[in-house]
file work-v9.pdb (PDB, C-alpha atoms and all ligand atoms)
ATOM      1  CA  MET O  20      -7.820  -0.312 -12.265  1.00  0.00           C
ATOM      2  CA  SER O  21      -5.889  -3.051 -10.567  1.00  0.00           C
ATOM      3  CA  LYS O  22      -7.345  -6.483 -10.005  1.00  0.00           C
ATOM      4  CA  LYS O  23      -7.329  -8.892  -7.124  1.00  0.00           C
ATOM      5  CA  GLY O  24      -8.726 -12.400  -6.888  1.00  0.00           C
ATOM      6  CA  PHE O  25     -11.566 -12.611  -4.379  1.00  0.00           C
ATOM      7  CA  ILE O  26     -12.141 -16.117  -3.047  1.00  0.00           C
ATOM      8  CA  PHE O  27     -15.149 -16.982  -0.908  1.00  0.00           C
ATOM      9  CA  ASP O  28     -15.680 -20.010   1.267  1.00  0.00           C
ATOM     10  CA  LEU O  29     -19.302 -21.216   1.081  1.00  0.00           C
ATOM     11  CA  ASP O  30     -20.611 -22.730   4.312  1.00  0.00           C
ATOM     12  CA  GLY O  31     -20.823 -20.066   7.023  1.00  0.00           C
ATOM     13  CA  VAL O  32     -19.615 -17.294   4.702  1.00  0.00           C
ATOM     14  CA  ILE O  33     -22.074 -17.120   1.816  1.00  0.00           C
ATOM     15  CA  VAL O  34     -24.859 -19.220   3.279  1.00  0.00           C
ATOM     16  CA  ASP O  35     -25.955 -20.079   6.774  1.00  0.00           C
ATOM     17  CA  THR O  36     -25.278 -23.805   6.427  1.00  0.00           C
ATOM     18  CA  ALA O  37     -22.572 -24.255   9.094  1.00  0.00           C
ATOM     19  CA  LYS O  38     -25.398 -24.868  11.590  1.00  0.00           C
ATOM     20  CA  TYR O  39     -26.740 -27.742   9.432  1.00  0.00           C
ATOM     21  CA  HIS O  40     -23.319 -29.397   9.230  1.00  0.00           C
ATOM     22  CA  PHE O  41     -23.150 -29.134  13.052  1.00  0.00           C
ATOM     23  CA  LEU O  42     -26.638 -30.598  13.567  1.00  0.00           C
ATOM     24  CA  ALA O  43     -25.985 -33.465  11.162  1.00  0.00           C
ATOM     25  CA  TRP O  44     -22.597 -34.355  12.695  1.00  0.00           C
ATOM     26  CA  GLN O  45     -23.994 -34.066  16.212  1.00  0.00           C
ATOM     27  CA  LYS O  46     -26.841 -36.463  15.430  1.00  0.00           C
ATOM     28  CA  LEU O  47     -24.452 -38.919  13.832  1.00  0.00           C
ATOM     29  CA  ALA O  48     -21.965 -38.702  16.697  1.00  0.00           C
ATOM     30  CA  LYS O  49     -24.737 -39.341  19.244  1.00  0.00           C
ATOM     31  CA  SER O  50     -25.831 -42.416  17.296  1.00  0.00           C
ATOM     32  CA  ILE O  51     -22.401 -43.980  17.917  1.00  0.00           C
ATOM     33  CA  GLY O  52     -22.175 -42.771  21.516  1.00  0.00           C
ATOM     34  CA  VAL O  53     -19.856 -39.807  20.988  1.00  0.00           C
ATOM     35  CA  ASP O  54     -20.540 -36.351  22.331  1.00  0.00           C
ATOM     36  CA  PHE O  55     -18.827 -33.203  21.143  1.00  0.00           C
ATOM     37  CA  THR O  56     -19.219 -29.545  21.973  1.00  0.00           C
ATOM     38  CA  GLU O  57     -19.722 -26.398  19.919  1.00  0.00           C
ATOM     39  CA  VAL O  58     -16.132 -25.468  20.775  1.00  0.00           C
ATOM     40  CA  GLN O  59     -14.911 -28.774  19.296  1.00  0.00           C
ATOM     41  CA  ASN O  60     -17.191 -28.128  16.333  1.00  0.00           C
ATOM     42  CA  GLU O  61     -14.978 -25.171  15.370  1.00  0.00           C
ATOM     43  CA  GLN O  62     -12.371 -27.790  14.428  1.00  0.00           C
ATOM     44  CA  LEU O  63     -14.833 -29.435  12.040  1.00  0.00           C
ATOM     45  CA  LYS O  64     -15.618 -26.225  10.185  1.00  0.00           C
ATOM     46  CA  GLY O  65     -14.015 -25.979   6.774  1.00  0.00           C
ATOM     47  CA  VAL O  66     -12.587 -29.488   6.744  1.00  0.00           C
ATOM     48  CA  SER O  67     -13.703 -32.335   4.479  1.00  0.00           C
ATOM     49  CA  ARG O  68     -16.348 -34.886   5.297  1.00  0.00           C
ATOM     50  CA  VAL O  69     -13.717 -37.619   5.725  1.00  0.00           C
ATOM     51  CA  LYS O  70     -11.499 -35.539   8.025  1.00  0.00           C
ATOM     52  CA  SER O  71     -14.530 -34.486  10.089  1.00  0.00           C
ATOM     53  CA  LEU O  72     -15.579 -38.074  10.759  1.00  0.00           C
ATOM     54  CA  GLU O  73     -11.978 -39.020  11.569  1.00  0.00           C
ATOM     55  CA  LYS O  74     -11.865 -36.268  14.188  1.00  0.00           C
ATOM     56  CA  ILE O  75     -15.185 -37.300  15.741  1.00  0.00           C
ATOM     57  CA  LEU O  76     -14.005 -40.915  16.000  1.00  0.00           C
ATOM     58  CA  GLU O  77     -10.761 -39.729  17.565  1.00  0.00           C
ATOM     59  CA  TRP O  78     -12.649 -37.641  20.171  1.00  0.00           C
ATOM     60  CA  GLY O  79     -14.817 -40.656  21.022  1.00  0.00           C
ATOM     61  CA  ASN O  80     -11.915 -43.086  20.893  1.00  0.00           C
ATOM     62  CA  LYS O  81     -13.731 -45.250  18.345  1.00  0.00           C
ATOM     63  CA  THR O  82     -12.483 -47.327  15.474  1.00  0.00           C
ATOM     64  CA  LEU O  83     -14.623 -48.473  12.568  1.00  0.00           C
ATOM     65  CA  SER O  84     -14.266 -50.750   9.574  1.00  0.00           C
ATOM     66  CA  GLU O  85     -13.997 -49.041   6.191  1.00  0.00           C
ATOM     67  CA  ASP O  86     -17.578 -50.081   5.355  1.00  0.00           C
ATOM     68  CA  GLN O  87     -18.932 -48.658   8.600  1.00  0.00           C
ATOM     69  CA  PHE O  88     -16.970 -45.464   8.054  1.00  0.00           C
ATOM     70  CA  ASN O  89     -18.352 -45.019   4.542  1.00  0.00           C
ATOM     71  CA  SER O  90     -21.883 -45.772   5.588  1.00  0.00           C
ATOM     72  CA  LEU O  91     -21.709 -43.167   8.394  1.00  0.00           C
ATOM     73  CA  MET O  92     -20.415 -40.550   5.948  1.00  0.00           C
ATOM     74  CA  ALA O  93     -23.303 -41.315   3.611  1.00  0.00           C
ATOM     75  CA  LYS O  94     -25.758 -41.072   6.498  1.00  0.00           C
ATOM     76  CA  LYS O  95     -24.404 -37.696   7.576  1.00  0.00           C
ATOM     77  CA  ASN O  96     -24.704 -36.345   4.067  1.00  0.00           C
ATOM     78  CA  GLU O  97     -28.250 -37.667   3.699  1.00  0.00           C
ATOM     79  CA  ASP O  98     -29.228 -35.889   6.887  1.00  0.00           C
ATOM     80  CA  TYR O  99     -27.416 -32.693   5.825  1.00  0.00           C
ATOM     81  CA  LEU O 100     -29.135 -32.763   2.426  1.00  0.00           C
ATOM     82  CA  SER O 101     -32.535 -32.989   4.092  1.00  0.00           C
ATOM     83  CA  TYR O 102     -31.820 -29.560   5.627  1.00  0.00           C
ATOM     84  CA  ILE O 103     -30.500 -28.219   2.322  1.00  0.00           C
ATOM     85  CA  ALA O 104     -33.645 -29.342   0.514  1.00  0.00           C
ATOM     86  CA  LYS O 105     -35.624 -26.758   2.488  1.00  0.00           C
ATOM     87  CA  MET O 106     -33.183 -23.959   1.799  1.00  0.00           C
ATOM     88  CA  ASP O 107     -33.874 -20.825  -0.230  1.00  0.00           C
ATOM     89  CA  HIS O 108     -32.321 -17.404  -0.765  1.00  0.00           C
ATOM     90  CA  ASN O 109     -33.274 -16.365   2.796  1.00  0.00           C
ATOM     91  CA  GLU O 110     -30.244 -18.344   3.962  1.00  0.00           C
ATOM     92  CA  ILE O 111     -27.822 -16.146   2.109  1.00  0.00           C
ATOM     93  CA  LEU O 112     -25.913 -14.359   4.869  1.00  0.00           C
ATOM     94  CA  PRO O 113     -26.434 -10.567   5.324  1.00  0.00           C
ATOM     95  CA  ASP O 114     -24.897  -8.295   2.664  1.00  0.00           C
ATOM     96  CA  VAL O 115     -23.326 -11.156   0.688  1.00  0.00           C
ATOM     97  CA  PRO O 116     -25.144 -10.173  -2.547  1.00  0.00           C
ATOM     98  CA  LYS O 117     -24.153  -6.570  -1.907  1.00  0.00           C
ATOM     99  CA  ILE O 118     -20.429  -7.368  -1.707  1.00  0.00           C
ATOM    100  CA  LEU O 119     -20.550  -9.766  -4.696  1.00  0.00           C
ATOM    101  CA  ASN O 120     -22.337  -7.137  -6.794  1.00  0.00           C
ATOM    102  CA  TYR O 121     -19.874  -4.470  -5.720  1.00  0.00           C
ATOM    103  CA  LEU O 122     -16.920  -6.674  -6.759  1.00  0.00           C
ATOM    104  CA  ILE O 123     -18.579  -7.455 -10.087  1.00  0.00           C
ATOM    105  CA  ALA O 124     -19.172  -3.715 -10.665  1.00  0.00           C
ATOM    106  CA  GLN O 125     -15.461  -3.162  -9.971  1.00  0.00           C
ATOM    107  CA  ASN O 126     -14.536  -5.890 -12.491  1.00  0.00           C
ATOM    108  CA  GLN O 127     -12.862  -8.056  -9.877  1.00  0.00           C
ATOM    109  CA  PRO O 128     -12.559 -11.807 -10.502  1.00  0.00           C
ATOM    110  CA  ILE O 129     -14.444 -13.956  -7.982  1.00  0.00           C
ATOM    111  CA  SER O 130     -14.110 -17.646  -7.111  1.00  0.00           C
ATOM    112  CA  LEU O 131     -15.681 -20.039  -4.696  1.00  0.00           C
ATOM    113  CA  GLY O 132     -13.184 -21.993  -2.572  1.00  0.00           C
ATOM    114  CA  SER O 133     -15.160 -24.566  -0.609  1.00  0.00           C
ATOM    115  CA  ALA O 134     -14.459 -28.008   0.854  1.00  0.00           C
ATOM    116  CA  SER O 135     -18.032 -29.062   0.198  1.00  0.00           C
ATOM    117  CA  LYS O 136     -19.022 -31.569  -2.449  1.00  0.00           C
ATOM    118  CA  ASN O 137     -22.519 -30.072  -2.271  1.00  0.00           C
ATOM    119  CA  ALA O 138     -21.367 -26.557  -3.180  1.00  0.00           C
ATOM    120  CA  ARG O 139     -22.775 -26.300  -6.701  1.00  0.00           C
ATOM    121  CA  GLN O 140     -26.133 -27.639  -5.611  1.00  0.00           C
ATOM    122  CA  ILE O 141     -26.322 -25.044  -2.811  1.00  0.00           C
ATOM    123  CA  LEU O 142     -25.272 -22.129  -5.038  1.00  0.00           C
ATOM    124  CA  LYS O 143     -27.974 -23.127  -7.504  1.00  0.00           C
ATOM    125  CA  LYS O 144     -30.553 -23.286  -4.739  1.00  0.00           C
ATOM    126  CA  VAL O 145     -29.829 -19.763  -3.572  1.00  0.00           C
ATOM    127  CA  ASP O 146     -29.397 -18.525  -7.138  1.00  0.00           C
ATOM    128  CA  LEU O 147     -25.827 -17.230  -6.795  1.00  0.00           C
ATOM    129  CA  MET O 148     -24.089 -19.413  -9.414  1.00  0.00           C
ATOM    130  CA  ASP O 149     -23.757 -16.619 -11.962  1.00  0.00           C
ATOM    131  CA  LYS O 150     -21.841 -14.344  -9.570  1.00  0.00           C
ATOM    132  CA  PHE O 151     -18.726 -16.547  -9.749  1.00  0.00           C
ATOM    133  CA  ASP O 152     -16.039 -16.628 -12.439  1.00  0.00           C
ATOM    134  CA  ALA O 153     -14.763 -19.919 -11.031  1.00  0.00           C
ATOM    135  CA  ILE O 154     -16.008 -22.561  -8.642  1.00  0.00           C
ATOM    136  CA  VAL O 155     -13.573 -24.802  -6.801  1.00  0.00           C
ATOM    137  CA  ASP O 156     -15.105 -27.243  -4.345  1.00  0.00           C
ATOM    138  CA  GLY O 157     -14.651 -30.562  -2.587  1.00  0.00           C
ATOM    139  CA  ASN O 158     -14.846 -32.422  -5.908  1.00  0.00           C
ATOM    140  CA  ASP O 159     -11.753 -30.657  -7.222  1.00  0.00           C
ATOM    141  CA  VAL O 160      -9.280 -31.212  -4.390  1.00  0.00           C
ATOM    142  CA  SER O 161      -7.495 -34.101  -2.759  1.00  0.00           C
ATOM    143  CA  LYS O 162      -6.207 -32.278   0.318  1.00  0.00           C
ATOM    144  CA  ALA O 163      -8.514 -30.871   3.016  1.00  0.00           C
ATOM    145  CA  LYS O 164      -8.136 -27.366   4.509  1.00  0.00           C
ATOM    146  CA  PRO O 165      -5.882 -26.285   6.296  1.00  0.00           C
ATOM    147  CA  ASN O 166      -4.006 -27.476   3.187  1.00  0.00           C
ATOM    148  CA  PRO O 167      -4.095 -24.509   0.756  1.00  0.00           C
ATOM    149  CA  GLU O 168      -4.840 -26.620  -2.356  1.00  0.00           C
ATOM    150  CA  VAL O 169      -8.428 -25.379  -2.820  1.00  0.00           C
ATOM    151  CA  PHE O 170      -7.407 -21.706  -2.763  1.00  0.00           C
ATOM    152  CA  LEU O 171      -4.340 -22.229  -4.971  1.00  0.00           C
ATOM    153  CA  ILE O 172      -6.516 -23.906  -7.617  1.00  0.00           C
ATOM    154  CA  ALA O 173      -9.011 -21.026  -7.329  1.00  0.00           C
ATOM    155  CA  ALA O 174      -6.189 -18.507  -7.882  1.00  0.00           C
ATOM    156  CA  GLN O 175      -5.094 -20.434 -10.990  1.00  0.00           C
ATOM    157  CA  HIS O 176      -8.644 -20.397 -12.370  1.00  0.00           C
ATOM    158  CA  LEU O 177      -8.806 -16.641 -11.816  1.00  0.00           C
ATOM    159  CA  ASN O 178      -5.372 -16.220 -13.356  1.00  0.00           C
ATOM    160  CA  MET O 179      -4.131 -14.419 -10.264  1.00  0.00           C
ATOM    161  CA  LYS O 180      -0.986 -14.862  -8.191  1.00  0.00           C
ATOM    162  CA  PRO O 181      -1.681 -16.169  -4.661  1.00  0.00           C
ATOM    163  CA  GLU O 182      -0.343 -12.943  -3.095  1.00  0.00           C
ATOM    164  CA  ASP O 183      -2.958 -11.033  -5.109  1.00  0.00           C
ATOM    165  CA  CYS O 184      -5.823 -13.065  -3.690  1.00  0.00           C
ATOM    166  CA  ILE O 185      -8.116 -12.332  -0.777  1.00  0.00           C
ATOM    167  CA  VAL O 186      -9.965 -15.119   1.033  1.00  0.00           C
ATOM    168  CA  PHE O 187     -13.149 -14.824   3.101  1.00  0.00           C
ATOM    169  CA  GLU O 188     -13.413 -17.645   5.639  1.00  0.00           C
ATOM    170  CA  ASP O 189     -15.414 -18.539   8.749  1.00  0.00           C
ATOM    171  CA  SER O 190     -13.230 -21.452   9.820  1.00  0.00           C
ATOM    172  CA  VAL O 191      -9.884 -21.770  11.572  1.00  0.00           C
ATOM    173  CA  ALA O 192      -8.765 -24.387   9.015  1.00  0.00           C
ATOM    174  CA  GLY O 193      -9.728 -22.068   6.151  1.00  0.00           C
ATOM    175  CA  VAL O 194      -7.920 -19.047   7.590  1.00  0.00           C
ATOM    176  CA  GLN O 195      -4.823 -21.218   8.050  1.00  0.00           C
ATOM    177  CA  ALA O 196      -5.131 -22.469   4.455  1.00  0.00           C
ATOM    178  CA  ALA O 197      -5.335 -18.891   3.140  1.00  0.00           C
ATOM    179  CA  ASN O 198      -2.341 -17.825   5.228  1.00  0.00           C
ATOM    180  CA  THR O 199      -0.298 -20.806   4.040  1.00  0.00           C
ATOM    181  CA  ALA O 200      -1.244 -19.948   0.444  1.00  0.00           C
ATOM    182  CA  ASN O 201       0.240 -16.493   1.057  1.00  0.00           C
ATOM    183  CA  MET O 202      -3.150 -14.816   0.514  1.00  0.00           C
ATOM    184  CA  ILE O 203      -4.848 -12.108   2.560  1.00  0.00           C
ATOM    185  CA  SER O 204      -7.196 -13.830   5.011  1.00  0.00           C
ATOM    186  CA  ILE O 205     -10.416 -12.213   6.146  1.00  0.00           C
ATOM    187  CA  GLY O 206     -12.158 -13.995   8.992  1.00  0.00           C
ATOM    188  CA  ILE O 207     -15.931 -13.778   9.112  1.00  0.00           C
ATOM    189  CA  GLY O 208     -16.954 -14.592  12.670  1.00  0.00           C
ATOM    190  CA  GLU O 209     -15.557 -14.259  16.149  1.00  0.00           C
ATOM    191  CA  GLN O 210     -12.210 -12.641  16.953  1.00  0.00           C
ATOM    192  CA  LYS O 211     -11.430 -15.237  19.638  1.00  0.00           C
ATOM    193  CA  VAL O 212     -11.817 -18.088  17.122  1.00  0.00           C
ATOM    194  CA  LEU O 213     -10.354 -16.502  13.997  1.00  0.00           C
ATOM    195  CA  HIS O 214      -7.482 -14.496  15.507  1.00  0.00           C
ATOM    196  CA  GLU O 215      -4.996 -15.868  12.948  1.00  0.00           C
ATOM    197  CA  ALA O 216      -6.763 -13.933  10.148  1.00  0.00           C
ATOM    198  CA  ASP O 217      -5.315 -10.680   8.748  1.00  0.00           C
ATOM    199  CA  TYR O 218      -8.678  -8.957   9.263  1.00  0.00           C
ATOM    200  CA  ILE O 219     -11.786 -10.069  11.158  1.00  0.00           C
ATOM    201  CA  PHE O 220     -15.403  -8.945  10.810  1.00  0.00           C
ATOM    202  CA  SER O 221     -18.459 -10.442  12.457  1.00  0.00           C
ATOM    203  CA  ASP O 222     -20.290 -10.357   9.131  1.00  0.00           C
ATOM    204  CA  PHE O 223     -20.370  -8.588   5.762  1.00  0.00           C
ATOM    205  CA  THR O 224     -22.539  -5.736   7.065  1.00  0.00           C
ATOM    206  CA  GLU O 225     -19.372  -4.492   8.790  1.00  0.00           C
ATOM    207  CA  ILE O 226     -17.361  -4.337   5.564  1.00  0.00           C
ATOM    208  CA  GLU O 227     -17.414  -0.950   3.847  1.00  0.00           C
ATOM    209  CA  ASN O 228     -16.819  -0.434   0.126  1.00  0.00           C
ATOM    210  CA  SER O 229     -13.815   1.718   1.044  1.00  0.00           C
ATOM    211  CA  PHE O 230     -12.191  -1.326   2.705  1.00  0.00           C
ATOM    212  CA  ILE O 231     -12.682  -3.388  -0.455  1.00  0.00           C
ATOM    213  CA  GLU O 232     -11.229  -0.550  -2.545  1.00  0.00           C
ATOM    214  CA  LYS O 233      -8.182  -0.511  -0.289  1.00  0.00           C
ATOM    215  CA  LEU O 234      -7.723  -4.250  -0.841  1.00  0.00           C
ATOM    216  CA  ILE O 235      -8.044  -3.837  -4.602  1.00  0.00           C
ATOM    217  CA  ASN O 236      -5.423  -1.104  -4.717  1.00  0.00           C
ATOM    218  CA  ARG O 237      -2.932  -2.427  -2.176  1.00  0.00           C
TER     219      ARG O 237
HETATM  220  C1  LIG O 301     -17.138 -27.253   4.514  1.00  0.00           C
HETATM  221  C2  LIG O 301     -17.866 -27.271   5.829  1.00  0.00           C
HETATM  222  O1  LIG O 301     -17.497 -26.114   3.789  1.00  0.00           O
HETATM  223  O2  LIG O 301     -17.439 -28.404   3.750  1.00  0.00           O
HETATM  224  C3  LIG O 301     -17.582 -28.570   6.572  1.00  0.00           C
HETATM  225  O3  LIG O 301     -17.456 -26.173   6.610  1.00  0.00           O
HETATM  226  C4  LIG O 301     -17.895 -29.771   5.687  1.00  0.00           C
HETATM  227  O4  LIG O 301     -18.361 -28.604   7.740  1.00  0.00           O
HETATM  228  C5  LIG O 301     -17.135 -29.655   4.377  1.00  0.00           C
HETATM  229  O5  LIG O 301     -17.528 -30.969   6.332  1.00  0.00           O
HETATM  230  C6  LIG O 301     -17.474 -30.788   3.408  1.00  0.00           C
HETATM  231  O6  LIG O 301     -18.783 -30.608   2.980  1.00  0.00           O
HETATM  232  P1  LIG O 301     -19.738 -31.692   2.348  1.00  0.00           P
HETATM  233  O7  LIG O 301     -20.998 -30.892   2.032  1.00  0.00           O
HETATM  234  O8  LIG O 301     -19.091 -32.185   1.095  1.00  0.00           O
HETATM  235  O9  LIG O 301     -19.945 -32.766   3.339  1.00  0.00           O
HETATM  236 MG    MG O 302     -16.971 -22.325   6.064  1.00  0.00          MG
END
call {"tool": "encode", "arguments": {"input": "work-v9.pdb", "output": "structure tokens"}}
result
Amino acid sequence: MSKKGFIFDLDGVIVDTAKYHFLAWQKLAKSIGVDFTEVQNEQLKGVSRVKSLEKILEWGNKTLSEDQFNSLMAKKNEDYLSYIAKMDHNEILPDVPKILNYLIAQNQPISLGSASKNARQILKKVDLMDKFDAIVDGNDVSKAKPNPEVFLIAAQHLNMKPEDCIVFEDSVAGVQAANTANMISIGIGEQKVLHEADYIFSDFTEIENSFIEKLINR
């Protein structure tokens, strides 16, 4: 049977943590007198902590010293981690274990491809660590999505060519990164946001095994 590399983003794809990133950034932005909308928040999804704060400052027309910048990033993460502390397997998104188990049963290599520096901690919390052959996260990359670095490293770990990899993403930046890497991009979320993806589903409950088989054998 042929093999493909299946690469999963974490936040908003495997676990329902995108809402916690939003809440934490929103609180932080308010504390420095910046307001941003859920539509603007789509631009924060998938991108690194540093890039996210840079965007928020740009929207609010603010400049900060390096110390202030670093202390705000630490504050955001502290707040985010207070949400994560309460997390358990109930925050795994619908049918994620089903698709991971199906891929494992089909002997397909699986990697995480996340911008988050908290990825390992979260996977441990929801007990999904052992489903992955490789984990590439925010600690392993120097370039934020939409740069394809994270997915290209994941492909290397899986020993797969980029064109034989399939990426599941909930963010515009992540879909763009997958496309730039020359991988198949599968958007998980809304059509109007993720229209650049090769395929779009609102969640994994919409993905049939026959679709996965088609991807494996294409
Ligand atoms: C991505 C999230 O997965 O990770 C972003 O979509 C977040 O919202 C980024 O900024 C970095 O995560 P963290 O946990 O290292 O701050
Ligand atoms: Mg995401």
call {"tool": "residues_around", "arguments": {"input": "work-v9.pdb", "residues": "stretch 203-206 of chain O", "least_positions_apart": "4", "cutoff": "9 Å", "atoms": "all atoms listed in the file", "output": "MDAnalysis selection string"}}
result
chainID O and resid 181:191 193:198 210 213:222
call {"tool": "closest_residue", "arguments": {"input": "work-v9.pdb", "among": "O:Asn236, O:Ser50, O:Gln125, O:Asn109", "to": "O:Leu91", "atoms": "all atoms listed in the file"}}
result
O:Ser50
call {"tool": "residues_near_ligand", "arguments": {"input": "work-v9.pdb", "ligand": "ligand MG 302 (chain O)", "cutoff": "6 Å", "atoms": "all atoms listed in the file", "output": "ChimeraX atom specification"}}
result
/O:28-32,64-65,188-190
call {"tool": "atom_distance", "arguments": {"input": "work-v9.pdb", "atom1": "atom CA of O:Val34", "atom2": "atom C1 of ligand LIG 301 (chain O)"}}
result
11.2 Å
call {"tool": "closest_residue", "arguments": {"input": "work-v9.pdb", "among": "O:Phe55, O:Ser133, O:Gly24, O:Val145", "to": "O:Leu112", "atoms": "only C-alpha atoms"}}
result
O:Val145
